[in-house]
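Asker: Take a look at this one; I'll ask things after.
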Amino acid sequence: MWNERYADKEYVYGTEPNTFLAEQASLLINPVLSLAEGEGRNAVFLATRGLTVHGVDGSEVGLAKARALAKSRGVEIQTDVVDLALFEPAANHYGSVISISAHLPSAIRSRLYPLVEQCLKPGGILLLEAYSEAQLNRDTGGPKDPDMLMSMAKIKHEFPNFEPVVLRELEREMHEGKYHNGLACVVQFIGKKKTK
């Protein structure tokens, strides 16, 4: 499905970064892992800020566009095609992990999110934005499966070993290509991995 979506010659989610990520990027620590990076808009933005970024996604078509975008902006990013249901990031390796619109079923999150915690160094930063459950009846983006939508309660449950820096649900305008467009309900989370 994602290879088909990304086959469009246009960047279907645009080439500019997610605005929540752009506003909070100064909090991120090298190196950065980007989950479900897609066509590269977020990874490339972070690379232009001097961060080392590893973007992973299930779509080789999307990541080819990500590398092309990086080249056009004069930066490099590392990319790997992975299935997030099976992905195992290197432990204690990353300073930050970003998850922008990486909507996953709870069965995958319950396996992946503990590994995300383990891949972060102590004091590492997790930055996440996802559509909230309140988005279900809107046609401005996001999955139509409530299990794949987020809430503050799910964040607290699924990331228990993070100190929240930001945790909120809000309505905001999204203008990210043709699939994320209009007033949307989102959850935003920045967590700092607790040091033991």
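A note on labels: chains of the structure tokens are A, B, ... as shown, every chain counts residues from 1, and ligands are counted from 1 in their shown order.
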Residues of range 137-174 of chain A within 12 Å of range 9-23 of chain A: nearest atom pair and distance (Å, one decimal) for each, counting only C-alpha atoms, sorted by chain and number, as a Markdown table?
Answerer:
```
| residue | atom | partner | partner_atom | distance |
| --- | --- | --- | --- | --- |
| A:Gly141 | CA | A:Tyr13 | CA | 10.7 |
| A:Val166 | CA | A:Phe20 | CA | 11.0 |
| A:Arg168 | CA | A:Phe20 | CA | 11.9 |
| A:Leu170 | CA | A:Phe20 | CA | 11.9 |
| A:Arg172 | CA | A:Phe20 | CA | 10.3 |
| A:Glu173 | CA | A:Thr19 | CA | 10.0 |
| A:Met174 | CA | A:Thr19 | CA | 8.6 |
```
Asker: List every residue of range 29-95 of chain A that DSSP, applied to the backbone of this structure, places in alpha helix (DSSP H), and write the result as a list in words.
Answerer: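 Put together, the selection reads Arg41, Asn42, Ala43, Val44, Phe45, Leu46, Ala47, Thr48, Glu60, Val61, Gly62, Leu63, Ala64, Lys65, Ala66, Arg67, Ala68, Leu69, Ala70, Lys71 and Ser72 of chain A.
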Asker: Can you write out the residues you just picked, keeping N, CA and C atoms, as a PDB file, in the first residue's frame?
Answerer:
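Wrote again-v2.pdb, looks like this:
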```pdb
ATOM      1  N   ARG A  41      10.837  13.917   4.530  1.00  0.00           N
ATOM      2  CA  ARG A  41      10.753  15.346   4.869  1.00  0.00           C
ATOM      3  C   ARG A  41      11.298  15.658   6.258  1.00  0.00           C
ATOM      4  N   ASN A  42      11.061  14.773   7.222  1.00  0.00           N
ATOM      5  CA  ASN A  42      11.515  15.051   8.586  1.00  0.00           C
ATOM      6  C   ASN A  42      12.998  14.751   8.766  1.00  0.00           C
ATOM      7  N   ALA A  43      13.448  13.630   8.239  1.00  0.00           N
ATOM      8  CA  ALA A  43      14.862  13.271   8.345  1.00  0.00           C
ATOM      9  C   ALA A  43      15.740  14.303   7.657  1.00  0.00           C
ATOM     10  N   VAL A  44      15.333  14.742   6.477  1.00  0.00           N
ATOM     11  CA  VAL A  44      16.130  15.717   5.727  1.00  0.00           C
ATOM     12  C   VAL A  44      16.177  17.046   6.476  1.00  0.00           C
ATOM     13  N   PHE A  45      15.067  17.472   7.029  1.00  0.00           N
ATOM     14  CA  PHE A  45      15.065  18.699   7.829  1.00  0.00           C
ATOM     15  C   PHE A  45      16.063  18.606   8.978  1.00  0.00           C
ATOM     16  N   LEU A  46      16.045  17.485   9.692  1.00  0.00           N
ATOM     17  CA  LEU A  46      16.966  17.339  10.828  1.00  0.00           C
ATOM     18  C   LEU A  46      18.416  17.295  10.360  1.00  0.00           C
ATOM     19  N   ALA A  47      18.662  16.646   9.218  1.00  0.00           N
ATOM     20  CA  ALA A  47      20.027  16.610   8.678  1.00  0.00           C
ATOM     21  C   ALA A  47      20.518  18.010   8.317  1.00  0.00           C
ATOM     22  N   THR A  48      19.627  18.867   7.826  1.00  0.00           N
ATOM     23  CA  THR A  48      20.043  20.245   7.507  1.00  0.00           C
ATOM     24  C   THR A  48      20.392  21.022   8.767  1.00  0.00           C
ATOM     25  N   GLU A  60      10.398   0.883   0.187  1.00  0.00           N
ATOM     26  CA  GLU A  60      11.630   1.248  -0.525  1.00  0.00           C
ATOM     27  C   GLU A  60      11.388   2.422  -1.470  1.00  0.00           C
ATOM     28  N   VAL A  61      10.155   2.557  -1.985  1.00  0.00           N
ATOM     29  CA  VAL A  61       9.833   3.677  -2.874  1.00  0.00           C
ATOM     30  C   VAL A  61       9.897   4.991  -2.101  1.00  0.00           C
ATOM     31  N   GLY A  62       9.312   5.002  -0.907  1.00  0.00           N
ATOM     32  CA  GLY A  62       9.365   6.199  -0.079  1.00  0.00           C
ATOM     33  C   GLY A  62      10.788   6.586   0.278  1.00  0.00           C
ATOM     34  N   LEU A  63      11.589   5.613   0.668  1.00  0.00           N
ATOM     35  CA  LEU A  63      12.960   5.916   1.091  1.00  0.00           C
ATOM     36  C   LEU A  63      13.839   6.330  -0.087  1.00  0.00           C
ATOM     37  N   ALA A  64      13.565   5.845  -1.286  1.00  0.00           N
ATOM     38  CA  ALA A  64      14.291   6.332  -2.466  1.00  0.00           C
ATOM     39  C   ALA A  64      14.007   7.820  -2.673  1.00  0.00           C
ATOM     40  N   LYS A  65      12.755   8.221  -2.467  1.00  0.00           N
ATOM     41  CA  LYS A  65      12.413   9.644  -2.559  1.00  0.00           C
ATOM     42  C   LYS A  65      13.073  10.432  -1.434  1.00  0.00           C
ATOM     43  N   ALA A  66      13.205   9.805  -0.258  1.00  0.00           N
ATOM     44  CA  ALA A  66      13.875  10.459   0.873  1.00  0.00           C
ATOM     45  C   ALA A  66      15.328  10.743   0.532  1.00  0.00           C
ATOM     46  N   ARG A  67      16.017   9.776  -0.038  1.00  0.00           N
ATOM     47  CA  ARG A  67      17.427   9.980  -0.408  1.00  0.00           C
ATOM     48  C   ARG A  67      17.563  11.046  -1.490  1.00  0.00           C
ATOM     49  N   ALA A  68      16.622  11.062  -2.435  1.00  0.00           N
ATOM     50  CA  ALA A  68      16.641  12.085  -3.488  1.00  0.00           C
ATOM     51  C   ALA A  68      16.425  13.477  -2.890  1.00  0.00           C
ATOM     52  N   LEU A  69      15.523  13.576  -1.933  1.00  0.00           N
ATOM     53  CA  LEU A  69      15.276  14.862  -1.272  1.00  0.00           C
ATOM     54  C   LEU A  69      16.521  15.312  -0.514  1.00  0.00           C
ATOM     55  N   ALA A  70      17.166  14.368   0.177  1.00  0.00           N
ATOM     56  CA  ALA A  70      18.394  14.704   0.906  1.00  0.00           C
ATOM     57  C   ALA A  70      19.456  15.231  -0.044  1.00  0.00           C
ATOM     58  N   LYS A  71      19.629  14.546  -1.165  1.00  0.00           N
ATOM     59  CA  LYS A  71      20.633  14.976  -2.151  1.00  0.00           C
ATOM     60  C   LYS A  71      20.322  16.373  -2.666  1.00  0.00           C
ATOM     61  N   SER A  72      19.032  16.635  -2.910  1.00  0.00           N
ATOM     62  CA  SER A  72      18.646  17.961  -3.433  1.00  0.00           C
ATOM     63  C   SER A  72      18.898  19.070  -2.419  1.00  0.00           C
TER      64      SER A  72
END
```
Asker: Do you have the CA of Gln188 in chain A-CA of Leu167 in chain A distance handy?
Answerer: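 Going from CA of Gln188 in chain A over to CA of Leu167 in chain A, I get 5.7 Å.
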Asker: Quick one: residues within 10 Å of range 160-164 of chain A, only C-alpha atoms counted, chain neighbours fewer than 6 positions away excluded, as a ChimeraX atom specification?
Answerer: /A:114,117,123-126,154,189-196
Asker: Given only C-alpha atoms as the basis, pick out the residue of A:Val53, A:Leu86, A:Leu149, A:Leu120 nearest to Asn137 in chain A.
Answerer: A:Leu149
Asker: Name all residues at most 7 Å from Glu129 in chain A (count only C-alpha atoms; drop same-chain ones fewer than 3 positions away) and give them as a PyMOL selection string.
Answerer: chain A and resi 99-101+186-189
Asker: Run DSSP on the backbone and tell me which residues of range 4-179 of chain A come out as strand (DSSP E); list them as a PyMOL selection string.
Answerer: chain A and resi 32-35+53-57+78-81+94-100+120-131+162-176
Asker: Which value, in Å to one decimal, gives the distance between CA of Arg73 in chain A and CA of Ala7 in chain A?
Answerer: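 According to the coordinates, CA of Arg73 in chain A and CA of Ala7 in chain A are separated by 20.8 Å.
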Asker: CA of Lys156 in chain A to CA of Leu183 in chain A: how many Å, to one decimal?
Answerer: 24.9 Å
Asker: Under the rule that only C-alpha atoms are counted, which of A:Val165, A:Leu35, A:Leu51, A:Ile155 is the nearest residue to Asp83 in chain A?
Answerer: A:Leu35
Asker: Residues near Leu104 in chain A, anyone? I mean within 12 Å using only C-alpha atoms, not counting same-chain ones fewer than 5 positions away, as a list in words.
Answerer: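 Near neighbours after the sequence-gap exclusion: Leu35, Ala36, Asp83, Leu84, Ala85, Ser99, Arg109, Ser110, Arg111, Leu112, Tyr113, Ala130, Tyr131, Gly142, Pro143, Lys144, Asp145, Pro146, Asp147, Met148, Leu149 and Met150 of chain A.
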Asker: List as a list in words the protein and nucleic acid residues near Asp57 in chain A, meaning an atom at most 6 Å away when only C-alpha atoms are counted, but skip any in the same chain fewer than 2 places from it.
Answerer: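 Here the answer would be Ala36, Glu37, Gly38, Ser59, Val81 and Val82 of chain A.
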Asker: Excluding range 27-29 of chain A and its own-chain neighbours fewer than 2 positions away, which residues fall within 7 Å of it when counting only C-alpha atoms? Please give them as a PyMOL selection string.
Answerer: chain A and resi 24-25+31-32+95-96+125
